[in-house]
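Coordinates from start00.txt are shown below (compact mmCIF, C-alpha atoms and all ligand atoms).
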```txt
# COMPACT_ATOMS: atom_id res chain seq x y z
CA MET Z 1 -19.77 29.40 -15.80
CA SER Z 2 -21.80 30.33 -12.77
CA GLN Z 3 -24.98 30.53 -14.87
CA GLU Z 4 -24.95 26.79 -15.41
CA ARG Z 5 -27.04 24.66 -13.08
CA HIS Z 6 -25.67 24.56 -9.53
CA PRO Z 7 -24.74 20.95 -8.64
CA ILE Z 8 -26.74 21.12 -5.42
CA GLU Z 9 -27.46 17.39 -5.40
CA GLY Z 10 -23.80 16.45 -5.55
CA LEU Z 11 -22.37 18.95 -3.06
CA PRO Z 12 -22.94 16.90 0.12
CA ALA Z 13 -21.20 13.86 -1.38
CA TYR Z 14 -18.44 16.09 -2.73
CA ALA Z 15 -17.84 17.50 0.77
CA LEU Z 16 -17.73 13.96 2.10
CA GLY Z 17 -15.20 12.95 -0.55
CA ALA Z 18 -17.56 10.22 -1.75
CA LEU Z 19 -17.89 11.05 -5.45
CA ASP Z 20 -16.26 9.11 -8.23
CA LYS Z 21 -13.51 10.80 -10.18
CA GLU Z 22 -15.46 12.30 -13.10
CA GLU Z 23 -18.28 13.69 -10.99
CA ARG Z 24 -15.75 15.11 -8.56
CA ALA Z 25 -13.90 16.91 -11.35
CA VAL Z 26 -17.11 18.52 -12.64
CA ILE Z 27 -18.03 19.88 -9.22
CA ALA Z 28 -14.48 20.99 -8.44
CA ALA Z 29 -14.46 23.05 -11.63
CA HIS Z 30 -17.85 24.55 -10.84
CA ILE Z 31 -16.82 25.55 -7.32
CA GLU Z 32 -13.85 27.49 -8.62
CA THR Z 33 -16.22 29.83 -10.42
CA CYS Z 34 -19.32 29.83 -8.19
CA ASP Z 35 -19.23 31.55 -4.82
CA THR Z 36 -22.71 30.33 -3.91
CA CYS Z 37 -21.73 26.68 -4.16
CA ALA Z 38 -18.34 27.34 -2.58
CA ALA Z 39 -20.10 28.84 0.45
CA ASP Z 40 -22.49 25.87 0.63
CA LEU Z 41 -19.59 23.48 0.46
CA ALA Z 42 -17.81 25.32 3.27
CA GLN Z 43 -20.86 24.81 5.51
CA PHE Z 44 -21.02 21.08 4.79
CA GLU Z 45 -17.31 20.70 5.47
CA ASP Z 46 -17.45 22.79 8.60
CA ALA Z 47 -20.04 20.46 10.16
CA LEU Z 48 -18.43 17.29 8.83
CA TYR Z 49 -14.99 18.09 10.20
CA GLU Z 50 -16.51 19.13 13.51
CA ALA Z 51 -17.84 15.56 13.63
CA ALA Z 52 -14.44 14.23 12.57
CA ALA Z 53 -12.71 16.10 15.40
CA ILE Z 54 -15.12 14.46 17.84
CA GLY Z 55 -14.63 11.07 16.23
CA ALA Z 56 -10.84 11.29 16.16
CA ILE Z 57 -9.10 9.00 18.62
CA ASP Z 58 -7.70 11.07 21.45
CA VAL Z 59 -4.18 9.77 21.87
CA GLU Z 60 -0.96 11.52 22.66
CA PRO Z 61 1.07 11.89 19.43
CA PRO Z 62 4.69 10.68 19.59
CA ALA Z 63 6.77 13.00 21.73
CA ASP Z 64 9.17 14.20 19.07
CA LEU Z 65 6.76 14.44 16.13
CA ARG Z 66 6.54 18.22 16.47
CA ARG Z 67 10.30 18.60 16.51
CA ARG Z 68 10.69 16.47 13.39
CA ILE Z 69 8.05 18.44 11.52
CA VAL Z 70 9.69 21.76 12.40
CA LEU Z 71 13.24 20.56 11.72
CA ARG Z 72 12.33 19.18 8.32
CA HIS Z 73 11.15 22.61 7.25
CA ARG Z 74 13.91 24.55 8.88
CA GLY Z 75 16.24 23.01 6.37
CA ALA Z 76 18.02 21.00 9.03
CA ALA Z 77 18.09 17.28 8.35
CA ALA Z 78 15.46 15.70 10.51
CA ARG Z 79 16.45 12.55 12.27
CA THR Z 80 15.60 9.75 9.88
CA ALA Z 81 14.73 7.21 12.53
CA THR Z 82 11.05 7.29 13.41
CA GLY Z 83 11.75 6.67 17.05
CA TRP Z 84 12.22 2.95 16.48
CA GLY Z 85 15.80 2.99 15.26
CA GLY Z 86 19.04 3.35 17.12
CA ARG Z 87 19.28 1.33 20.25
CA VAL Z 88 16.06 -0.61 19.85
CA PRO Z 89 16.80 -4.33 19.85
CA GLU Z 90 16.38 -6.16 16.60
CA PHE Z 91 13.19 -7.82 17.76
CA LEU Z 92 11.43 -4.48 17.74
CA ARG Z 93 12.33 -3.84 14.14
CA ARG Z 94 11.20 -6.93 12.28
CA PRO Z 95 9.12 -6.00 9.23
CA VAL Z 96 5.43 -6.77 9.19
CA PRO Z 97 5.03 -10.05 7.27
CA ALA Z 98 2.53 -10.45 4.46
CA ALA Z 99 -1.05 -11.01 5.51
CA ILE Z 100 -1.94 -14.61 6.10
CA PRO Z 101 -5.00 -15.78 4.19
CA ILE Z 102 -7.05 -16.65 7.27
CA ALA Z 103 -6.60 -13.21 8.81
CA LEU Z 104 -7.46 -11.60 5.52
CA ALA Z 105 -10.59 -13.68 5.12
CA LEU Z 106 -11.66 -12.66 8.61
CA LEU Z 107 -11.17 -9.01 7.86
CA LEU Z 108 -13.10 -9.26 4.64
CA ILE Z 109 -16.01 -10.75 6.54
CA VAL Z 110 -15.92 -7.75 8.82
CA ALA Z 111 -15.62 -5.50 5.80
CA PHE Z 112 -18.80 -6.90 4.35
CA GLY Z 113 -20.80 -5.99 7.34
CA VAL Z 114 -20.99 -9.14 9.44
CA ILE Z 115 -20.77 -7.76 12.93
CA GLY Z 116 -18.68 -10.26 14.82
CA ALA Z 117 -16.46 -10.40 17.85
CA THR Z 118 -13.86 -8.24 16.17
CA ARG Z 119 -16.18 -5.27 15.91
CA GLN Z 120 -17.36 -5.68 19.49
CA GLN Z 121 -13.79 -5.91 20.69
CA ALA Z 122 -12.90 -2.78 18.77
CA ASP Z 123 -15.77 -0.99 20.47
CA ALA Z 124 -14.83 -2.32 23.90
CA TYR Z 125 -11.26 -1.16 23.35
CA ALA Z 126 -12.39 2.28 22.19
CA HIS Z 127 -14.69 2.55 25.20
CA ALA Z 128 -11.92 1.52 27.57
CA LEU Z 129 -9.69 4.23 26.10
CA ALA Z 130 -12.48 6.77 26.17
CA GLY Z 131 -13.01 5.98 29.85
CA VAL Z 132 -9.58 7.25 30.81
CA ALA Z 133 -10.40 10.23 32.99
CA ASP Z 134 -7.05 11.96 33.10
CA GLY Z 135 -3.37 11.48 32.44
CA ARG Z 136 -1.52 10.58 29.30
CA VAL Z 137 -2.39 7.80 26.87
CA VAL Z 138 0.43 6.49 24.68
CA ALA Z 139 -0.35 3.89 22.04
CA LEU Z 140 1.90 0.89 21.45
CA ALA Z 141 2.57 -0.12 17.85
CA PRO Z 142 1.35 -3.52 16.71
CA THR Z 143 4.07 -5.57 15.06
CA GLY Z 144 3.87 -8.18 12.33
CA ALA Z 145 3.06 -10.91 14.84
CA ASN Z 146 -0.50 -9.62 15.20
CA PRO Z 147 -1.40 -6.48 13.24
CA ASP Z 148 -4.85 -6.49 14.84
CA ALA Z 149 -3.48 -6.16 18.35
CA ARG Z 150 -3.95 -2.85 20.14
CA ALA Z 151 -2.61 -1.54 23.39
CA ALA Z 152 -2.01 1.77 25.07
CA VAL Z 153 -0.14 2.75 28.20
CA VAL Z 154 -2.19 4.94 30.48
CA ILE Z 155 -0.06 7.15 32.71
CA PRO Z 156 -2.48 8.69 35.22
CA THR Z 157 -1.69 11.96 36.95
CA GLN Z 158 -1.95 10.05 40.20
CA GLY Z 159 -1.46 6.32 40.62
CA SER Z 160 0.44 3.69 38.68
CA PRO Z 161 0.65 3.29 34.93
CA TYR Z 162 -1.30 0.45 33.36
CA LEU Z 163 -2.03 -1.00 29.94
CA ILE Z 164 -5.33 -1.23 28.08
CA VAL Z 165 -4.89 -4.19 25.75
CA ARG Z 166 -6.83 -5.84 22.95
CA LEU Z 167 -5.37 -9.26 22.16
CA PRO Z 168 -6.77 -12.74 21.51
CA ALA Z 169 -6.62 -15.24 24.38
CA PRO Z 170 -3.12 -16.77 24.59
CA PRO Z 171 -2.73 -20.49 23.74
CA ALA Z 172 -3.02 -22.97 26.64
CA GLY Z 173 -0.04 -22.78 28.98
CA LYS Z 174 0.94 -19.33 27.72
CA ALA Z 175 0.37 -15.76 28.90
CA TRP Z 176 0.87 -12.22 27.62
CA GLU Z 177 3.76 -10.65 29.44
CA ALA Z 178 4.38 -6.90 29.67
CA TRP Z 179 7.91 -5.43 29.78
CA VAL Z 180 9.25 -2.05 30.74
CA LEU Z 181 12.21 -1.24 28.49
CA LYS Z 182 14.95 0.66 30.29
CA GLN Z 183 17.95 2.14 28.55
CA GLY Z 184 21.00 0.23 29.75
CA ALA Z 185 24.65 1.02 29.00
CA SER Z 186 24.68 -1.40 26.07
CA GLY Z 187 21.12 -1.07 24.81
CA PRO Z 188 17.65 -1.55 26.24
CA VAL Z 189 16.97 -3.92 29.09
CA ALA Z 190 13.54 -5.54 29.38
CA VAL Z 191 12.18 -5.63 32.94
CA PRO Z 192 9.27 -8.04 33.56
CA ALA Z 193 6.15 -6.01 34.37
CA GLY Z 194 3.28 -8.45 34.77
CA THR Z 195 1.42 -11.21 32.94
CA ALA Z 196 -2.17 -11.85 31.86
CA ASP Z 197 -3.54 -15.20 30.73
CA ARG Z 198 -6.68 -13.79 29.21
CA GLY Z 199 -7.72 -12.38 25.88
CA ASP Z 200 -10.21 -9.87 24.45
CA VAL Z 201 -9.97 -6.37 25.93
CA PHE Z 202 -8.34 -6.20 29.33
CA MET Z 203 -6.28 -4.03 31.63
CA LEU Z 204 -2.84 -4.96 32.84
CA SER Z 205 -1.14 -3.09 35.68
CA LEU Z 206 2.55 -2.50 35.18
CA THR Z 207 4.32 -4.10 38.13
CA ALA Z 208 7.68 -2.53 37.26
CA PRO Z 209 8.18 1.23 37.64
CA LEU Z 210 7.84 3.16 34.40
CA GLY Z 211 10.33 6.02 34.25
CA ALA Z 212 10.28 8.99 31.89
CA GLY Z 213 11.31 7.85 28.42
CA ASP Z 214 11.09 4.13 29.18
CA GLY Z 215 9.59 1.85 26.56
CA VAL Z 216 6.92 -0.84 26.92
CA ALA Z 217 6.44 -4.13 25.05
CA ILE Z 218 4.19 -7.18 25.23
CA THR Z 219 5.30 -10.71 24.30
CA LEU Z 220 3.84 -14.20 24.49
CA GLU Z 221 5.52 -16.23 27.26
CA PRO Z 222 4.98 -19.37 29.32
CA ALA Z 223 2.08 -18.91 31.78
CA SER Z 224 4.51 -18.65 34.71
CA GLY Z 225 6.19 -15.66 33.07
CA SER Z 226 9.76 -15.28 31.82
CA ALA Z 227 12.71 -13.36 33.23
CA GLN Z 228 13.55 -12.16 29.72
CA PRO Z 229 11.47 -11.95 26.54
CA THR Z 230 11.66 -15.20 24.58
CA THR Z 231 9.44 -14.26 21.63
CA GLN Z 232 8.90 -11.31 19.30
CA PRO Z 233 6.73 -8.60 20.83
CA VAL Z 234 3.19 -8.32 19.55
CA LEU Z 235 3.08 -4.69 20.62
CA ALA Z 236 5.81 -2.26 21.55
CA ILE Z 237 6.84 1.34 21.89
CA GLU Z 238 10.42 2.44 22.33
CA LYS Z 239 9.66 5.43 24.53
CA THR Z 240 6.62 6.55 26.45
CA MET P 241 -10.66 27.29 20.86
CA PRO P 242 -7.94 29.12 18.96
CA ASP P 243 -8.91 32.39 17.38
CA LYS P 244 -9.52 32.57 13.62
CA ALA P 245 -7.41 35.68 13.09
CA ASP P 246 -4.53 34.03 14.97
CA ASP P 247 -4.85 30.97 12.76
CA MET P 248 -4.72 33.17 9.69
CA ARG P 249 -1.56 34.91 10.91
CA LEU P 250 0.05 31.50 11.41
CA ILE P 251 -0.82 30.46 7.86
CA ASP P 252 0.67 33.70 6.55
CA ARG P 253 3.88 33.03 8.45
CA ILE P 254 4.00 29.44 7.17
CA ALA P 255 3.45 30.69 3.63
CA SER P 256 6.42 33.00 4.05
CA GLY P 257 8.66 30.09 5.08
CA ASP P 258 8.57 30.31 8.90
CA ALA P 259 9.07 26.75 10.19
CA ASP P 260 8.33 27.75 13.79
CA ALA P 261 4.86 28.82 12.71
CA LEU P 262 4.34 25.27 11.46
CA GLY P 263 5.27 24.11 14.97
CA GLU P 264 2.72 26.51 16.47
CA LEU P 265 0.07 25.17 14.12
CA TYR P 266 1.03 21.71 15.34
CA ASP P 267 0.58 22.87 18.95
CA ARG P 268 -2.97 23.90 18.12
CA TYR P 269 -4.16 21.07 15.93
CA GLY P 270 -1.47 18.38 15.93
CA ARG P 271 -3.28 16.23 18.44
CA VAL P 272 -6.63 16.22 16.66
CA ALA P 273 -4.87 15.72 13.31
CA PHE P 274 -2.96 12.77 14.73
CA GLY P 275 -6.22 11.42 16.17
CA VAL P 276 -7.90 11.53 12.76
CA LEU P 277 -4.92 9.77 11.18
CA TYR P 278 -4.70 7.22 13.97
CA ARG P 279 -8.32 6.37 13.34
CA MET P 280 -7.83 5.93 9.60
CA LEU P 281 -4.52 4.08 9.57
CA PRO P 282 -3.36 0.70 10.85
CA GLY P 283 -1.16 1.96 13.67
CA PRO P 284 0.78 4.79 15.24
CA GLU P 285 3.77 4.38 12.95
CA ALA P 286 1.65 4.96 9.87
CA ALA P 287 -0.16 7.84 11.57
CA GLU P 288 3.19 9.40 12.41
CA GLU P 289 4.48 9.03 8.87
CA VAL P 290 1.33 10.50 7.34
CA ALA P 291 1.21 13.33 9.89
CA GLN P 292 4.62 14.43 8.65
CA ASP P 293 3.43 14.22 5.05
CA ALA P 294 0.31 16.22 5.89
CA PHE P 295 2.22 19.01 7.62
CA HIS P 296 4.54 19.09 4.64
CA SER P 297 1.48 19.59 2.40
CA VAL P 298 0.38 22.43 4.69
CA TRP P 299 3.81 23.97 4.22
CA ARG P 300 3.56 23.75 0.45
CA GLN P 301 -0.09 24.76 0.16
CA ALA P 302 -0.25 27.54 2.77
CA ARG P 303 -0.24 30.18 0.04
CA SER P 304 -3.39 28.72 -1.51
CA TYR P 305 -5.40 28.58 1.74
CA ARG P 306 -8.60 30.62 1.38
CA PRO P 307 -10.27 31.60 4.66
CA GLU P 308 -13.67 32.08 3.01
CA ARG P 309 -13.60 28.37 2.12
CA GLY P 310 -13.38 27.13 5.69
CA SER P 311 -11.45 27.25 8.94
CA VAL P 312 -7.78 26.39 9.20
CA ARG P 313 -8.64 23.34 11.28
CA THR P 314 -11.06 22.03 8.64
CA TRP P 315 -8.49 22.67 5.92
CA LEU P 316 -5.77 20.84 7.88
CA LEU P 317 -7.99 17.88 8.76
CA ALA P 318 -9.07 17.56 5.12
CA ILE P 319 -5.40 17.48 4.11
CA CYS P 320 -4.80 14.78 6.73
CA ARG P 321 -7.74 12.71 5.57
CA ASN P 322 -6.64 12.88 1.94
CA ALA P 323 -3.09 11.96 2.90
CA ALA P 324 -4.35 8.97 4.88
CA ILE P 325 -6.49 7.72 1.99
CA ASP P 326 -3.54 8.20 -0.31
CA TRP P 327 -1.26 6.27 2.04
CA ARG P 328 -3.68 3.37 2.16
CA ARG P 329 -4.01 3.22 -1.62
CA THR P 330 -0.31 3.43 -2.35
CA ARG P 331 1.62 2.21 0.67
CA GLY P 332 -0.85 0.22 2.75
CA LYS P 333 -0.71 -3.51 2.40
CA ARG P 334 -3.91 -5.18 1.37
CA LEU P 335 -4.52 -6.18 4.96
CA GLU P 336 -4.13 -2.61 6.13
CA ARG P 337 -6.56 -1.24 3.60
CA GLU P 338 -9.25 -3.57 4.81
CA VAL P 339 -8.59 -3.38 8.52
CA THR P 340 -9.69 0.20 8.79
CA ILE P 341 -13.25 -0.60 7.80
CA GLU P 342 -13.73 -2.04 11.21
CA ALA P 343 -12.56 1.23 12.70
CA ALA P 344 -14.83 3.10 10.31
CA ALA P 345 -17.93 1.47 11.72
CA GLU P 346 -19.14 4.56 13.52
CA LEU P 347 -18.63 8.18 12.65
CA LEU P 348 -18.33 9.14 16.26
CA SER P 349 -16.78 7.12 18.98
CA ASP P 350 -17.38 8.00 22.59
CA ALA P 351 -13.85 9.30 22.64
CA ARG P 352 -13.17 12.13 25.02
CA VAL P 353 -13.26 15.46 23.30
CA ASP P 354 -10.19 17.59 23.56
CA GLU P 355 -11.46 20.99 24.60
CA ARG P 356 -8.45 22.75 23.20
CA VAL P 357 -9.57 21.94 19.69
CA VAL P 358 -13.32 21.50 19.87
CA SER P 359 -15.63 24.19 21.08
CA ALA P 360 -17.95 22.41 23.49
CA MET P 361 -21.19 23.89 22.18
CA ARG P 362 -20.54 23.21 18.52
CA ALA P 363 -19.33 19.73 19.34
CA GLU P 364 -22.43 19.04 21.43
CA ARG P 365 -24.76 20.12 18.62
CA VAL P 366 -22.98 18.00 16.06
CA ARG P 367 -22.75 15.03 18.40
CA LYS P 368 -26.46 15.22 19.15
CA MET P 369 -27.37 15.44 15.48
CA VAL P 370 -25.20 12.48 14.56
CA GLY P 371 -26.78 10.53 17.40
CA GLU P 372 -30.22 11.21 15.96
CA LEU P 373 -29.34 10.02 12.47
CA PRO P 374 -30.74 6.63 11.47
CA LYS P 375 -28.05 3.96 11.65
CA GLU P 376 -27.96 3.46 7.86
CA GLN P 377 -27.16 7.14 7.39
CA ARG P 378 -24.46 7.11 10.06
CA ASP P 379 -22.87 4.01 8.55
CA VAL P 380 -22.74 5.56 5.10
CA LEU P 381 -21.12 8.70 6.51
CA ALA P 382 -18.58 6.60 8.40
CA LEU P 383 -17.70 4.36 5.47
CA ALA P 384 -17.20 7.36 3.22
CA PHE P 385 -15.39 9.58 5.70
CA TRP P 386 -13.22 7.17 7.69
CA GLY P 387 -13.12 4.38 5.15
CA GLY P 388 -12.52 6.66 2.16
CA TYR P 389 -15.07 4.83 0.01
CA SER P 390 -17.06 6.47 -2.76
CA GLN P 391 -20.82 6.18 -2.95
CA SER P 392 -20.59 3.54 -5.69
CA GLU P 393 -18.03 1.53 -3.71
CA ILE P 394 -20.30 1.65 -0.67
CA ALA P 395 -23.26 0.56 -2.78
CA ALA P 396 -21.28 -2.42 -4.09
CA ARG P 397 -19.81 -3.37 -0.74
CA THR P 398 -23.01 -3.14 1.24
CA ASP P 399 -25.19 -4.53 -1.55
CA THR P 400 -27.40 -1.45 -1.49
CA PRO P 401 -28.80 0.35 -4.57
CA LEU P 402 -26.63 3.35 -5.50
CA GLY P 403 -29.66 5.65 -5.39
CA THR P 404 -30.31 4.64 -1.79
CA VAL P 405 -26.71 5.32 -0.80
CA LYS P 406 -26.83 8.72 -2.48
CA SER P 407 -30.01 9.76 -0.74
CA ARG P 408 -28.62 8.61 2.63
CA VAL P 409 -25.52 10.74 2.06
CA ARG P 410 -27.63 13.75 1.13
CA LEU P 411 -29.99 13.41 4.07
CA ALA P 412 -27.20 12.85 6.58
CA MET P 413 -25.02 15.67 5.32
CA ASN P 414 -27.91 18.11 5.24
CA LYS P 415 -28.81 17.30 8.85
CA LEU P 416 -25.19 17.65 9.89
CA ARG P 417 -25.08 21.06 8.30
CA GLU P 418 -28.35 22.07 9.98
CA SER P 419 -26.83 21.28 13.37
CA LEU P 420 -24.64 24.38 13.04
CA GLU P 421 -27.19 26.53 11.26
CA ASP P 422 -27.97 28.75 14.28
CA GLU P 423 -24.46 30.11 14.22
CA ARG P 424 -24.81 31.52 10.78
ZN ZN Z 501 -22.96 26.98 -8.09
```
Now, as a test, write the supplied structure out as structure tokens.
Amino acid sequence: MSQERHPIEGLPAYALGALDKEERAVIAAHIETCDTCAADLAQFEDALYEAAAIGAIDVEPPADLRRRIVLRHRGAAARTATGWGGRVPEFLRRPVPAAIPIALALLLIVAFGVIGATRQQADAYAHALAGVADGRVVALAPTGANPDARAAVVIPTQGSPYLIVRLPAPPAGKAWEAWVLKQGASGPVAVPAGTADRGDVFMLSLTAPLGAGDGVAITLEPASGSAQPTTQPVLAIEKT
Amino acid sequence: MPDKADDMRLIDRIASGDADALGELYDRYGRVAFGVLYRMLPGPEAAEEVAQDAFHSVWRQARSYRPERGSVRTWLLAICRNAAIDWRRTRGKRLEREVTIEAAAELLSDARVDERVVSAMRAERVRKMVGELPKEQRDVLALAFWGGYSQSEIAARTDTPLGTVKSRVRLAMNKLRESLEDER
């Protein structure tokens, strides 16, 4: 097998995972029997995944992910809830609705290479996150209300926690309101933690204290703010 | 930067059914693995789900890991990437499959590098090389790596001749590889 021509031309694309099925199968078979090409491939992958590690988004994984991975393989039944179950109010658990045509059309435009506001916002959001000098960064999950929304809680080593948010501008007379979710005796209690009447990428200081294990959510509210959430959150996390 | 021999011992322990070794592997590379998944998937819930799948694949495939074919980190991240692409094809809604293209726009963000998982000198060489690549080459790398698109899909989507896409992939990958050549 190893006497046949080495697929030198195809190796870089193979390493990148960019070959179509048939071509990929041919090279995979060759590599099994050819140490020269296997060593070449290892060098391509080594450099590529070094780049991937740099390009990966540096966020704190969910706190109990490690425990669930270990428990699953220790034979013990891992907790089935993904951290969103249990005492989370119903509004945090609504399923993501089907894509609406307008949103889909927008995304397809982006997909076909028209660089619009969305791309710039994504960059601005990434830059804002990258600018966090120290402390923990915990991402909020977007809900069905706006799958494109992004937000992360930054918990600095010194100073107060704040949010980095990417959301469209709220409709006239409305504002985005942040909530700190505390565990009460009969389920979570949402404490108002500040409003913002702007869109795009922005920072929002949490005006309520964020304790260990508290959650955070963002909802759309009247511009003057609400005492309790009146709409579904656009972004939420049960526990930081 | 964790030591290669230590990594290998962990894989041996995982292969022999030691779940705590899987936890130790997570301590070393869980964050970068999650970061790769987070970049490729629509949100933290999906990244979390796929991270569990990926570590389960590590558990099942540990016996077949071959150190001469690459580092443990590269092996793990490749498993994560494949699992993310698989998730998008089978479980991602149409919207979610498309949304990641936006995130794929650049191979490297300015994201802070976690020094526990990236050796500063290697990272700097690779970062510099990627920065020097022409934009068309970077975009092709990003679409293929983060977006999971094949060369022919990229050609169709970007309205570029397939031959051009292929030569961009080759040039870019060869330069990436050269960036670490001094080590060898
Ligand atoms: Zn060969």
- Task: Kindly work out which residues sit at most 6 Å from ligand ZN 501 (chain Z), using only C-alpha atoms and all ligand atoms, and give the list as a list in words.
- Result: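 My answer, listing the contacting residues, is Ser2, His6, Cys34, Thr36 and Cys37 of chain Z.
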- Restricting the calculation to only C-alpha atoms, which member of P:Glu418, P:Asp252, P:Glu393, P:Glu289 is positioned closest to P:Gln301?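 Answer, going by the shortest atom-to-atom distance: P:Asp252.
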- Out of Z:Leu181, Z:Glu32, Z:Ala56, Z:Arg24, which residue has the shortest atom-to-atom distance to chain P when counting only C-alpha atoms?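 That would be Z:Ala56, the residue with the smallest distance to chain P.
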- Message: Restricting the calculation to all atoms listed in the file: of Z:Arg66, Z:Arg166, Z:Arg198, Z:Lys174, which residue gets closest to chain P?
- Response: Z:Arg66
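With all atoms listed in the file taken into account, the protein and nucleic acid residues at most 10 Å from P:Gly310 (excluding it and anything under 5 positions from it in its own chain) are Ala38, Ala39, Leu41, Ala42, Gln43, Phe44, Glu45 and Asp46 of chain Z; Tyr305 and Trp315 of chain P.
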- Note on the structure: Of Z:Ala169, Z:Ile69, Z:Ala151, Z:Ala29, the one nearest to chain P when counting all atoms listed in the file is Z:Ile69
- Query: Between Z:Arg150, Z:Arg136, Z:Lys182, Z:Lys239, which has the minimum distance to Z:Val59 (counting all atoms listed in the file)?
  - Reply: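 Of all the options, Z:Arg136 lies closest to Z:Val59.
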- Message: Let me make sure I understand: among P:Thr330, P:Gln377, P:Ser297, P:Gln292, which one has the smallest atom-to-atom distance to chain Z if we use only C-alpha atoms?
- Response: P:Gln292
- Can you work out the spacing between atom CA of Z:Leu140 and atom CA of Z:Ile237 in Å, to one decimal? 5.0 Å
- Spatial neighbours of Z:Leu163, max dist 7 Å, only C-alpha atoms, sep filter under 6 positions, as a PyMOL selection string: chain Z and resi 151-154+203-205
- Query: How many Å lie between atom CA of Z:Trp179 and atom CA of Z:Ala227, rounded to one decimal?
  - Reply: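 Atom CA of Z:Trp179 sits 9.9 Å away from atom CA of Z:Ala227.
The space between atom CA of Z:Leu206 and atom CA of P:Gly270 spans 28.7 Å.
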- Long-range neighbours of Z:Lys21 as a count of residues only, 12 Å cut-off, only C-alpha atoms, 4 positions minimum in chain: 10
Write stretch 360-372 of chain P as a PDB file, in the coordinates of the input, completed to N, CA, C and O atoms.
```
ATOM      1  N   ALA P 360     -17.011  23.347  22.874  1.00  0.00           N
ATOM      2  CA  ALA P 360     -17.950  22.410  23.490  1.00  0.00           C
ATOM      3  C   ALA P 360     -19.355  22.519  22.896  1.00  0.00           C
ATOM      4  O   ALA P 360     -20.011  21.522  22.656  1.00  0.00           O
ATOM      5  N   MET P 361     -19.818  23.740  22.636  1.00  0.00           N
ATOM      6  CA  MET P 361     -21.190  23.890  22.180  1.00  0.00           C
ATOM      7  C   MET P 361     -21.385  23.371  20.770  1.00  0.00           C
ATOM      8  O   MET P 361     -22.338  22.664  20.485  1.00  0.00           O
ATOM      9  N   ARG P 362     -20.466  23.715  19.898  1.00  0.00           N
ATOM     10  CA  ARG P 362     -20.540  23.210  18.520  1.00  0.00           C
ATOM     11  C   ARG P 362     -20.484  21.696  18.533  1.00  0.00           C
ATOM     12  O   ARG P 362     -21.264  21.025  17.872  1.00  0.00           O
ATOM     13  N   ALA P 363     -19.522  21.178  19.291  1.00  0.00           N
ATOM     14  CA  ALA P 363     -19.330  19.730  19.340  1.00  0.00           C
ATOM     15  C   ALA P 363     -20.605  19.050  19.827  1.00  0.00           C
ATOM     16  O   ALA P 363     -21.024  18.035  19.287  1.00  0.00           O
ATOM     17  N   GLU P 364     -21.225  19.643  20.850  1.00  0.00           N
ATOM     18  CA  GLU P 364     -22.430  19.040  21.430  1.00  0.00           C
ATOM     19  C   GLU P 364     -23.553  19.002  20.397  1.00  0.00           C
ATOM     20  O   GLU P 364     -24.259  18.009  20.264  1.00  0.00           O
ATOM     21  N   ARG P 365     -23.710  20.086  19.647  1.00  0.00           N
ATOM     22  CA  ARG P 365     -24.760  20.120  18.620  1.00  0.00           C
ATOM     23  C   ARG P 365     -24.533  19.058  17.563  1.00  0.00           C
ATOM     24  O   ARG P 365     -25.454  18.365  17.147  1.00  0.00           O
ATOM     25  N   VAL P 366     -23.285  18.965  17.112  1.00  0.00           N
ATOM     26  CA  VAL P 366     -22.980  18.000  16.060  1.00  0.00           C
ATOM     27  C   VAL P 366     -23.142  16.581  16.586  1.00  0.00           C
ATOM     28  O   VAL P 366     -23.725  15.715  15.949  1.00  0.00           O
ATOM     29  N   ARG P 367     -22.645  16.362  17.797  1.00  0.00           N
ATOM     30  CA  ARG P 367     -22.750  15.030  18.400  1.00  0.00           C
ATOM     31  C   ARG P 367     -24.208  14.595  18.517  1.00  0.00           C
ATOM     32  O   ARG P 367     -24.576  13.468  18.201  1.00  0.00           O
ATOM     33  N   LYS P 368     -25.044  15.531  18.966  1.00  0.00           N
ATOM     34  CA  LYS P 368     -26.460  15.220  19.150  1.00  0.00           C
ATOM     35  C   LYS P 368     -27.101  14.876  17.805  1.00  0.00           C
ATOM     36  O   LYS P 368     -27.822  13.899  17.695  1.00  0.00           O
ATOM     37  N   MET P 369     -26.772  15.678  16.799  1.00  0.00           N
ATOM     38  CA  MET P 369     -27.370  15.440  15.480  1.00  0.00           C
ATOM     39  C   MET P 369     -26.942  14.089  14.927  1.00  0.00           C
ATOM     40  O   MET P 369     -27.759  13.337  14.410  1.00  0.00           O
ATOM     41  N   VAL P 370     -25.665  13.769  15.064  1.00  0.00           N
ATOM     42  CA  VAL P 370     -25.200  12.480  14.560  1.00  0.00           C
ATOM     43  C   VAL P 370     -25.902  11.347  15.306  1.00  0.00           C
ATOM     44  O   VAL P 370     -26.305  10.344  14.708  1.00  0.00           O
ATOM     45  N   GLY P 371     -26.095  11.542  16.606  1.00  0.00           N
ATOM     46  CA  GLY P 371     -26.780  10.530  17.400  1.00  0.00           C
ATOM     47  C   GLY P 371     -28.212  10.296  16.947  1.00  0.00           C
ATOM     48  O   GLY P 371     -28.751   9.201  17.080  1.00  0.00           O
ATOM     49  N   GLU P 372     -28.825  11.337  16.398  1.00  0.00           N
ATOM     50  CA  GLU P 372     -30.220  11.210  15.960  1.00  0.00           C
ATOM     51  C   GLU P 372     -30.355  10.647  14.556  1.00  0.00           C
ATOM     52  O   GLU P 372     -31.448  10.313  14.124  1.00  0.00           O
TER      53      GLU P 372
END
```
